[in-house]
Number of protein chains: 2
Amino acid sequence: MSKILTNRSDDYAQWYNDVVLKSGLADYSAVKGCMVIKPHGYALWEHMRDELDKRFKETGHQNAYFPLFIPKSFLSKEAAHVEGFAKECAVVTHYRLKNDPNGGGVIVDPDAKLEEELIVRPTSETIIWNTYKDWIQSYRDLPLLINQWANVVRWEMRTRLFLRTTEFLWQEGHTAHATREEAIAETQQMLEVYATFAEEFMAMPVIRGVKTANERFAGAEDTYCIEALMQDGKALQAGTSHFLGQNFAKAFDVTFQDKDNKRDFVWATSWGVSTRLVGALVMAHSDDEGLVLPPKLAPVQVVIIPIYAKDPESRAKIDEIASNLIRELKQQHVRVKYDNDDNARPGWKFAEYELKGVPVRITLGARDIEKNLVEVARRDTKEKSNYSLDGLTGNVVGLLADIQTNMYDRALKFRNENTTRVDTWEQFVDTLENKAGFISAHWDGTPETEEKIKELTKATIRCIPINNEQEAGACILSGKPSKERVLFARAY
Amino acid sequence: MSKILTNRSDDYAQWYNDVVLKSGLADYSAVKGCMVIKPHGYALWEHMRDELDKRFKETGHQNAYFPLFIPKSFLSKEAAHVEGFAKECAVVTHYRLKNDPNGGGVIVDPDAKLEEELIVRPTSETIIWNTYKDWIQSYRDLPLLINQWANVVRWEMRTRLFLRTTEFLWQEGHTAHATREEAIAETQQMLEVYATFAEEFMAMPVIRGVKTANERFAGAEDTYCIEALMQDGKALQAGTSHFLGQNFAKAFDVTFQDKDNKRDFVWATSWGVSTRLVGALVMAHSDDEGLVLPPKLAPVQVVIIPIYAKDPESRAKIDEIASNLIRELKQQHVRVKYDNDDNARPGWKFAEYELKGVPVRITLGARDIEKNLVEVARRDTKEKSNYSLDGLTGNVVGLLADIQTNMYDRALKFRNENTTRVDTWEQFVDTLENKAGFISAHWDGTPETEEKIKELTKATIRCIPINNEQEAGACILSGKPSKERVLFARAY
C-alpha cells in the first residue's frame, strides 16, 4: 500500500492536515474558516464532552443555554472585553432576504435592517451577566454554578482544522460568588478538572499555570491555563479558567445583599475548553501511520478482523469465536467492532484502522485459531503478539489500560526531554532554533520585556507554573533581577 | 400560600407562560425572540436528547457537525427551499467592529463587509448537500446516515417560549440513499422513532401522518409528521420527517455510480425535532399547580423531604432512613433528591416541587416513622398514601412506572374524547368554536379548499393519518367527493 500521509519529519503542518482529513476527523467547508466535523471526529468530541460534563456535574454545576446573539452595545460594557473581541466578530445586520426586483436572484432586504446589530457570540460573558442581573438578589442565590455547551464564532484570518477555526464548539462555565476567595477557589478547581481530564483521558501531561498580564483573557483579573507540548516542540494552550473579579458584575450592575444586609458586587469566574482539544490529541500522540488514540477516548477501542480459510467451516468457527469475544468485551464495557466485510482485504483494513487510531486490533486467522491463538496488535507501539484464546477478554482489557498508561508516560518523557533550563539569551535563542520545546528561564516581570522577546523570537510566556519554585536570577533579555523562572515556548 | 400561576381555565396562554417561567424552565432574554433555557429546562432537554440520540445510533446513524453559516447563494439553489426560508433569515454582512472615529462607541467597520453575505442556518440541507457532493461517488458510499445536534435561527415576528423562538436547539438528520424506496423507508423509520419516543418517554400520544402539499417542508416531496393534542384542544406538530426525493441532489449535483456503472442522482431524507418538544410536554400534562413531568424524563424523579421533631435523635433517625432509601433508589437508577434545607418550611418545599413537576414526593415525618410509615404523594393525580418502610424502594419504582402509564392513558383518553367526526360545515364550525380538538372530516383534496377553510376558521389540515381508513364522502366545504377523512385542528 502506498504511503498516504506526509511524514512528520518532512512537514509537520502538512502531516497534521493529512491525518485530520484522511482519518475522517474533519473536512474543509464551503464557508471560509469553518470546518465540517466528520463522524469520527465528532465521536471523539462526544466522548470528551460526556466525560467533562460528568465532572462538571460532580462539582455542582448545571447546564443551561443562552442566546447565540449578543446586542452590540453589550460588548462595549466591559472595556477590556470589547477591545479583545471587537476585531473578530461576525455581525448580523439584517433579518430577511428578498427577490431582487432587478432579477439578480436573492438579495438582502434593505427594509429589514436591525435597529441594533447583533454579534454572533465570541464568548458569552456579556449576555450571561446581563441575565444574572435578574437572577441574583441575595447571598442565597449564590454561588450560581452554570455551564453551557455551545458554538462560538471568532473571525480568524488564518485558520487550521480544530486548532483555530472561525466557528468552534466549546463549553463555557460562568459562575457567580459572594466572595473573592470563593471565586478564586472555583477558578482553580476548574483548572484542576481540566488538567485531570487531559492527563487521565487524553494521556496528555499538562503544566498548570497562570498567564502573564499580556496573555490574559480580555476582562479577567487572572487567567489560569493548562499548557501541553506537541511533538514538534510547540506548546498548545489546552484550557483556560479565568478569575474575572468584579469586572462583569460592575459592567452589568449585578449586586447581592449579604448576610449583614449590605450590598456588594458579585465575584465571577469563567472557564472553557473547545474542539481545539481534538487537534491537541492528534498532535500529542499520532504518528506517520495516522491517529494514535488513547483507549479512554477512542470511539472504537478494539477492532476484530477475521482472516477466513476457504472452507465454510472455518468461517463459521471464526464468526462464532468473534461473537463470543464481542459479547464478553461488551460486558466489560469495551467498545468493539467486528469488520468481516468481504469487499476489503485484511491488509487494507489493517492500514485503515491504524489510520483511524483504533488502540487494539485482534486478527482471527484460521490457522492461528487451530493453535488456540489470535494475533493482537497495539496501535501505540505497533507491537504484535500472539495471545491465547483462553483469558483473552481479560488480557485485552488489561492491554487497553496498559496502552493508556504507556501513551501518557511516553508523552511525559517527551515533555521532560524537551523542557530546557537556560540562563542566557544565547542559550535561549539556540534552544528555540535547534531544539524547541518548553524553555524555563528568568524574566524581569515586565510586559515590555515579554513583548520584546516575542518580537525577536516568536516565543511567548506560556505560563508561570502554579507552585513555582522561587529562585533569584537575572532576566535572559534585560539582565534585570527576577525571582522565578517562567515557561517560554513557541505556541499554536 | 398564595396562588402563583394563572389557572388554565382563566387564560391558557398566560398559564403556559407562568408555568415555563416560574418552574424555572426558561427565561426571556435581552435579544428579541430568543430565550434563555434555564437549568431545569435544559436538564429536560438533555434527557430527551440522550434518549433520542441512543435511538438514532441504534438505527445506524452517526453524529457530525456542519457550519453555522450558509453562503447566501446556496439557499437559492433549491427553488422551493429559498421561497420557504428567505423571509426569516438572520444575515451576517460584516466581520469586524471598530471604535467610532467620531466617538460614538463601537460601530460596524464598513471596511469589513463580506463579499457574499452569510445566512445563519435556518436548517442545513443546503450546506450539507454541498458537502455530500464530495463524500458520495459510488453506491459503496451509501447509505450515508448522519445526524447533527445544533442551534438554528428563523426570524420569527411572534414568538412563544419553547414553541416558537428565533433561535432554537434541535437535531436534524440528513441521509442519502441509492433508491427512492430506501429513502422512503428511512423517512418512515425515523417518524416511528419520533412517535415511539413521544409515546413512551413523553407519555404523549401522537397521530402519525402525512402533510398535505400546502403544509410540506420547503423542498420536500413528502413530509411525514407526528401531531399531538394539547389540553386546550389545539394541535401541535411535534416532529417531522421529510422525503426529499432527488431535489437537493439535483440542486447540488450529487450523483453516484451504481452497481451497473450507471450514474444517478442520490435520494434524500431529512428529519428533526427541537426544543419545541419541551413546550409540548408542558402543554400536554401540566396543571394549575405547575409542571407534571413523566418519570422517564423528569430530572428529579423522587424528592424526599424530612419533617423533624425537635429532639436531635429524631433528626438522626430520619437522616439515616433517608440515606438508606437514597442508596437503594440509586441502585435502581432512580434520580432522587433529599431536601433537608432548614431554611425552608416543608409546605414551601411541597409547593416548589409540585411546581417543578417532580413525579413522587416522599415525606419522612417523625411521628409516621414511629409507625413504620412514610407519606408518598404522586404528582400526576396529587393522591397521597401511607407506605410502609418495608419494601418502600420497590414500591416507589413501581409507582414511577404507574405514573408514566397513567399520564399516557390520561392524555390518550383526552385525545379520544376530543377527536370528533363531523360531516357538515355547520358541525365543523360548531366543533371548532365550542369543543376544539381534532376534527376528522372529508376534504376534496385541493389546496384551494384547504386554504379557504384556513381563512374561514384558522383550522388547518394537521395530517392525513398513515394507514388511513378509505371511506367515500363529501367535502365539508365544497361538497365535492372525497375518498378519506383528514384531521383538522387549530394548531400551535
# chains A, B, ... in the order shown; residues from 1 in each chain; ligands from 1
$ interface_residues --of "chain B" --to "chain A" --cutoff "6 Å" --atoms "only C-alpha atoms" --output "MDAnalysis selection string"
chainID B and resid 36:39 42 62:66 86:92 94:97
$ write_last_selection --atoms "N, CA, C and O atoms" --output "tab-separated table (two decimals), in the first residue's frame"
chain	number	residue	atom	x	y	z
B	36	VAL	N	-33.58	32.24	27.17
B	36	VAL	CA	-32.55	31.54	27.94
B	36	VAL	C	-33.18	30.24	28.43
B	36	VAL	O	-34.25	30.26	29.05
B	37	ILE	N	-32.54	29.12	28.13
B	37	ILE	CA	-33.02	27.85	28.68
B	37	ILE	C	-32.35	27.66	30.03
B	37	ILE	O	-31.12	27.54	30.12
B	38	LYS	N	-33.15	27.68	31.09
B	38	LYS	CA	-32.60	27.59	32.45
B	38	LYS	C	-32.27	26.13	32.79
B	38	LYS	O	-32.68	25.21	32.09
B	39	PRO	N	-31.52	25.93	33.88
B	39	PRO	CA	-31.06	24.56	34.18
B	39	PRO	C	-32.17	23.49	34.21
B	39	PRO	O	-31.97	22.40	33.67
B	42	TYR	N	-33.13	22.86	30.64
B	42	TYR	CA	-32.05	22.23	29.88
B	42	TYR	C	-31.86	20.78	30.29
B	42	TYR	O	-31.58	19.91	29.45
B	62	GLN	N	-24.83	8.27	12.60
B	62	GLN	CA	-23.69	8.84	13.28
B	62	GLN	C	-23.88	10.34	13.37
B	62	GLN	O	-24.47	10.96	12.48
B	63	ASN	N	-23.33	10.95	14.42
B	63	ASN	CA	-23.40	12.40	14.55
B	63	ASN	C	-22.23	13.07	13.85
B	63	ASN	O	-21.13	12.51	13.78
B	64	ALA	N	-22.47	14.25	13.34
B	64	ALA	CA	-21.42	15.08	12.75
B	64	ALA	C	-21.81	16.53	13.02
B	64	ALA	O	-22.83	16.79	13.67
B	65	TYR	N	-20.98	17.48	12.54
B	65	TYR	CA	-21.32	18.87	12.76
B	65	TYR	C	-20.92	19.72	11.56
B	65	TYR	O	-19.77	19.70	11.13
B	66	PHE	N	-21.88	20.47	11.05
B	66	PHE	CA	-21.68	21.31	9.86
B	66	PHE	C	-21.74	22.79	10.26
B	66	PHE	O	-22.29	23.13	11.30
B	86	ALA	N	-36.31	32.28	2.97
B	86	ALA	CA	-35.65	33.58	2.77
B	86	ALA	C	-36.25	34.68	3.64
B	86	ALA	O	-35.56	35.60	4.05
B	87	LYS	N	-37.53	34.53	3.95
B	87	LYS	CA	-38.20	35.62	4.67
B	87	LYS	C	-37.84	35.68	6.15
B	87	LYS	O	-38.24	36.60	6.84
B	88	GLU	N	-37.14	34.69	6.65
B	88	GLU	CA	-36.91	34.64	8.09
B	88	GLU	C	-35.45	34.35	8.44
B	88	GLU	O	-35.15	33.57	9.30
B	89	CYS	N	-34.53	34.99	7.70
B	89	CYS	CA	-33.11	34.69	7.85
B	89	CYS	C	-32.35	35.78	8.57
B	89	CYS	O	-32.48	36.96	8.22
B	90	ALA	N	-31.50	35.37	9.53
B	90	ALA	CA	-30.53	36.32	10.09
B	90	ALA	C	-29.34	36.36	9.15
B	90	ALA	O	-28.78	35.32	8.80
B	91	VAL	N	-28.94	37.56	8.75
B	91	VAL	CA	-27.91	37.72	7.72
B	91	VAL	C	-26.66	38.38	8.31
B	91	VAL	O	-26.74	39.48	8.87
B	92	VAL	N	-25.52	37.69	8.16
B	92	VAL	CA	-24.24	38.26	8.58
B	92	VAL	C	-23.64	38.99	7.39
B	92	VAL	O	-23.45	38.39	6.32
B	94	HIS	N	-21.00	41.62	7.95
B	94	HIS	CA	-19.69	42.17	8.31
B	94	HIS	C	-18.99	41.25	9.30
B	94	HIS	O	-19.64	40.49	10.01
B	95	TYR	N	-17.66	41.39	9.36
B	95	TYR	CA	-16.91	40.52	10.26
B	95	TYR	C	-16.02	41.27	11.25
B	95	TYR	O	-15.08	40.71	11.80
B	96	ARG	N	-16.34	42.53	11.50
B	96	ARG	CA	-15.49	43.28	12.42
B	96	ARG	C	-16.23	44.50	12.95
B	96	ARG	O	-17.03	45.10	12.24
B	97	LEU	N	-15.93	44.87	14.19
B	97	LEU	CA	-16.38	46.15	14.75
B	97	LEU	C	-15.16	47.05	14.87
B	97	LEU	O	-14.03	46.58	14.80
$ residues_around --residues "B:Ser385" --least-positions-apart "5" --cutoff "10 Å" --atoms "only C-alpha atoms" --output "PyMOL selection string"
chain B and resi 362+373-378
$ residues_around --residues "B:Pro306" --least-positions-apart "4" --cutoff "12 Å" --atoms "only C-alpha atoms" --output "PDB file with N, CA, C and O atoms, in the first residue's frame"
ATOM      1  N   SER B 314     -34.492  12.298  66.710  1.00  0.00           N
ATOM      2  CA  SER B 314     -35.433  12.183  65.596  1.00  0.00           C
ATOM      3  C   SER B 314     -34.740  12.563  64.296  1.00  0.00           C
ATOM      4  O   SER B 314     -34.853  11.889  63.277  1.00  0.00           O
ATOM      5  N   ARG B 315     -33.977  13.647  64.355  1.00  0.00           N
ATOM      6  CA  ARG B 315     -33.254  14.112  63.169  1.00  0.00           C
ATOM      7  C   ARG B 315     -32.282  13.040  62.673  1.00  0.00           C
ATOM      8  O   ARG B 315     -32.235  12.723  61.484  1.00  0.00           O
ATOM      9  N   ALA B 316     -31.516  12.493  63.590  1.00  0.00           N
ATOM     10  CA  ALA B 316     -30.530  11.481  63.211  1.00  0.00           C
ATOM     11  C   ALA B 316     -31.216  10.269  62.599  1.00  0.00           C
ATOM     12  O   ALA B 316     -30.773   9.713  61.594  1.00  0.00           O
ATOM     13  N   LYS B 317     -32.331   9.883  63.213  1.00  0.00           N
ATOM     14  CA  LYS B 317     -33.031   8.700  62.728  1.00  0.00           C
ATOM     15  C   LYS B 317     -33.598   8.931  61.323  1.00  0.00           C
ATOM     16  O   LYS B 317     -33.483   8.083  60.433  1.00  0.00           O
ATOM     17  N   ILE B 318     -34.220  10.087  61.115  1.00  0.00           N
ATOM     18  CA  ILE B 318     -34.787  10.390  59.791  1.00  0.00           C
ATOM     19  C   ILE B 318     -33.700  10.472  58.730  1.00  0.00           C
ATOM     20  O   ILE B 318     -33.834   9.925  57.632  1.00  0.00           O
ATOM     21  N   ASP B 319     -32.592  11.127  59.084  1.00  0.00           N
ATOM     22  CA  ASP B 319     -31.490  11.237  58.121  1.00  0.00           C
ATOM     23  C   ASP B 319     -30.948   9.853  57.746  1.00  0.00           C
ATOM     24  O   ASP B 319     -30.575   9.612  56.592  1.00  0.00           O
ATOM     25  N   GLU B 320     -30.914   8.960  58.710  1.00  0.00           N
ATOM     26  CA  GLU B 320     -30.392   7.623  58.432  1.00  0.00           C
ATOM     27  C   GLU B 320     -31.348   6.859  57.505  1.00  0.00           C
ATOM     28  O   GLU B 320     -30.922   6.210  56.549  1.00  0.00           O
ATOM     29  N   ILE B 321     -32.636   6.960  57.790  1.00  0.00           N
ATOM     30  CA  ILE B 321     -33.621   6.299  56.915  1.00  0.00           C
ATOM     31  C   ILE B 321     -33.529   6.863  55.500  1.00  0.00           C
ATOM     32  O   ILE B 321     -33.533   6.128  54.513  1.00  0.00           O
ATOM     33  N   ALA B 322     -33.408   8.190  55.408  1.00  0.00           N
ATOM     34  CA  ALA B 322     -33.294   8.833  54.091  1.00  0.00           C
ATOM     35  C   ALA B 322     -32.058   8.330  53.354  1.00  0.00           C
ATOM     36  O   ALA B 322     -32.108   7.998  52.166  1.00  0.00           O
ATOM     37  N   SER B 323     -30.974   8.270  54.084  1.00  0.00           N
ATOM     38  CA  SER B 323     -29.715   7.865  53.468  1.00  0.00           C
ATOM     39  C   SER B 323     -29.801   6.449  52.891  1.00  0.00           C
ATOM     40  O   SER B 323     -29.334   6.174  51.779  1.00  0.00           O
ATOM     41  N   LYS B 337     -33.583  13.156  45.087  1.00  0.00           N
ATOM     42  CA  LYS B 337     -33.006  14.319  45.763  1.00  0.00           C
ATOM     43  C   LYS B 337     -33.512  14.372  47.195  1.00  0.00           C
ATOM     44  O   LYS B 337     -34.694  14.124  47.462  1.00  0.00           O
ATOM     45  N   TYR B 338     -32.625  14.679  48.127  1.00  0.00           N
ATOM     46  CA  TYR B 338     -33.000  14.835  49.529  1.00  0.00           C
ATOM     47  C   TYR B 338     -32.934  16.316  49.847  1.00  0.00           C
ATOM     48  O   TYR B 338     -31.884  16.940  49.710  1.00  0.00           O
ATOM     49  N   ASP B 339     -34.058  16.889  50.245  1.00  0.00           N
ATOM     50  CA  ASP B 339     -34.059  18.313  50.566  1.00  0.00           C
ATOM     51  C   ASP B 339     -34.261  18.497  52.067  1.00  0.00           C
ATOM     52  O   ASP B 339     -35.390  18.589  52.546  1.00  0.00           O
ATOM     53  N   ASN B 340     -33.140  18.558  52.791  1.00  0.00           N
ATOM     54  CA  ASN B 340     -33.247  18.782  54.240  1.00  0.00           C
ATOM     55  C   ASN B 340     -32.744  20.169  54.627  1.00  0.00           C
ATOM     56  O   ASN B 340     -32.213  20.391  55.704  1.00  0.00           O
ATOM     57  N   ASP B 341     -32.932  21.103  53.697  1.00  0.00           N
ATOM     58  CA  ASP B 341     -32.561  22.500  53.933  1.00  0.00           C
ATOM     59  C   ASP B 341     -33.423  23.067  55.064  1.00  0.00           C
ATOM     60  O   ASP B 341     -34.651  23.088  54.980  1.00  0.00           O
ATOM     61  N   ASP B 342     -32.770  23.524  56.129  1.00  0.00           N
ATOM     62  CA  ASP B 342     -33.520  24.028  57.280  1.00  0.00           C
ATOM     63  C   ASP B 342     -34.111  25.409  57.044  1.00  0.00           C
ATOM     64  O   ASP B 342     -34.936  25.873  57.831  1.00  0.00           O
ATOM     65  N   ALA B 344     -36.038  26.401  54.662  1.00  0.00           N
ATOM     66  CA  ALA B 344     -37.356  26.452  54.030  1.00  0.00           C
ATOM     67  C   ALA B 344     -38.316  25.529  54.773  1.00  0.00           C
ATOM     68  O   ALA B 344     -37.923  24.453  55.230  1.00  0.00           O
ATOM     69  N   ARG B 345     -39.553  25.970  54.893  1.00  0.00           N
ATOM     70  CA  ARG B 345     -40.566  25.160  55.561  1.00  0.00           C
ATOM     71  C   ARG B 345     -41.030  24.028  54.641  1.00  0.00           C
ATOM     72  O   ARG B 345     -41.016  24.195  53.411  1.00  0.00           O
ATOM     73  N   PRO B 346     -41.489  22.902  55.229  1.00  0.00           N
ATOM     74  CA  PRO B 346     -41.971  21.788  54.389  1.00  0.00           C
ATOM     75  C   PRO B 346     -43.061  22.215  53.418  1.00  0.00           C
ATOM     76  O   PRO B 346     -43.046  21.811  52.258  1.00  0.00           O
ATOM     77  N   GLY B 347     -43.984  23.051  53.870  1.00  0.00           N
ATOM     78  CA  GLY B 347     -45.083  23.468  52.983  1.00  0.00           C
ATOM     79  C   GLY B 347     -44.575  24.197  51.753  1.00  0.00           C
ATOM     80  O   GLY B 347     -45.071  24.007  50.642  1.00  0.00           O
ATOM     81  N   LYS B 349     -41.618  23.769  50.444  1.00  0.00           N
ATOM     82  CA  LYS B 349     -40.965  22.760  49.602  1.00  0.00           C
ATOM     83  C   LYS B 349     -41.997  21.951  48.806  1.00  0.00           C
ATOM     84  O   LYS B 349     -41.786  21.660  47.623  1.00  0.00           O
ATOM     85  N   PHE B 350     -43.093  21.584  49.469  1.00  0.00           N
ATOM     86  CA  PHE B 350     -44.129  20.806  48.759  1.00  0.00           C
ATOM     87  C   PHE B 350     -44.567  21.552  47.495  1.00  0.00           C
ATOM     88  O   PHE B 350     -44.620  21.002  46.396  1.00  0.00           O
ATOM     89  N   ARG B 361     -43.167  12.496  45.676  1.00  0.00           N
ATOM     90  CA  ARG B 361     -42.626  13.142  46.874  1.00  0.00           C
ATOM     91  C   ARG B 361     -42.797  12.191  48.052  1.00  0.00           C
ATOM     92  O   ARG B 361     -43.896  11.662  48.272  1.00  0.00           O
ATOM     93  N   ILE B 362     -41.735  11.968  48.796  1.00  0.00           N
ATOM     94  CA  ILE B 362     -41.810  11.137  49.999  1.00  0.00           C
ATOM     95  C   ILE B 362     -41.544  12.030  51.200  1.00  0.00           C
ATOM     96  O   ILE B 362     -40.525  12.716  51.265  1.00  0.00           O
ATOM     97  N   THR B 363     -42.476  12.049  52.125  1.00  0.00           N
ATOM     98  CA  THR B 363     -42.295  12.846  53.328  1.00  0.00           C
ATOM     99  C   THR B 363     -41.936  11.918  54.482  1.00  0.00           C
ATOM    100  O   THR B 363     -42.655  10.957  54.773  1.00  0.00           O
ATOM    101  N   LEU B 364     -40.797  12.206  55.116  1.00  0.00           N
ATOM    102  CA  LEU B 364     -40.383  11.421  56.273  1.00  0.00           C
ATOM    103  C   LEU B 364     -40.715  12.229  57.526  1.00  0.00           C
ATOM    104  O   LEU B 364     -39.986  13.131  57.916  1.00  0.00           O
ATOM    105  N   GLY B 365     -41.849  11.904  58.153  1.00  0.00           N
ATOM    106  CA  GLY B 365     -42.272  12.618  59.344  1.00  0.00           C
ATOM    107  C   GLY B 365     -41.939  11.806  60.587  1.00  0.00           C
ATOM    108  O   GLY B 365     -42.062  10.580  60.597  1.00  0.00           O
ATOM    109  N   ALA B 366     -41.535  12.513  61.639  1.00  0.00           N
ATOM    110  CA  ALA B 366     -41.090  11.827  62.854  1.00  0.00           C
ATOM    111  C   ALA B 366     -42.167  10.875  63.396  1.00  0.00           C
ATOM    112  O   ALA B 366     -41.880   9.724  63.742  1.00  0.00           O
ATOM    113  N   ARG B 367     -43.404  11.347  63.424  1.00  0.00           N
ATOM    114  CA  ARG B 367     -44.456  10.504  64.006  1.00  0.00           C
ATOM    115  C   ARG B 367     -44.809   9.313  63.120  1.00  0.00           C
ATOM    116  O   ARG B 367     -45.010   8.206  63.595  1.00  0.00           O
ATOM    117  N   ASP B 368     -44.869   9.565  61.797  1.00  0.00           N
ATOM    118  CA  ASP B 368     -45.154   8.466  60.863  1.00  0.00           C
ATOM    119  C   ASP B 368     -44.121   7.354  61.000  1.00  0.00           C
ATOM    120  O   ASP B 368     -44.454   6.164  60.981  1.00  0.00           O
ATOM    121  N   ILE B 369     -42.874   7.787  61.117  1.00  0.00           N
ATOM    122  CA  ILE B 369     -41.786   6.805  61.124  1.00  0.00           C
ATOM    123  C   ILE B 369     -41.874   5.886  62.335  1.00  0.00           C
ATOM    124  O   ILE B 369     -41.548   4.698  62.246  1.00  0.00           O
ATOM    125  N   VAL B 374     -44.347   6.105  55.830  1.00  0.00           N
ATOM    126  CA  VAL B 374     -43.987   7.385  55.219  1.00  0.00           C
ATOM    127  C   VAL B 374     -45.147   7.824  54.334  1.00  0.00           C
ATOM    128  O   VAL B 374     -45.946   6.991  53.885  1.00  0.00           O
ATOM    129  N   GLU B 375     -45.220   9.134  54.084  1.00  0.00           N
ATOM    130  CA  GLU B 375     -46.263   9.621  53.186  1.00  0.00           C
ATOM    131  C   GLU B 375     -45.705   9.753  51.775  1.00  0.00           C
ATOM    132  O   GLU B 375     -44.646  10.353  51.578  1.00  0.00           O
TER     133      GLU B 375
END
$ residues_around --residues "stretch 253-262 of chain A" --least-positions-apart "2" --cutoff "9 Å" --atoms "only C-alpha atoms" --output "NGL selection string"
:A and (129-130 or 132-134 or 136-142 or 178 or 248-251 or 264-266)
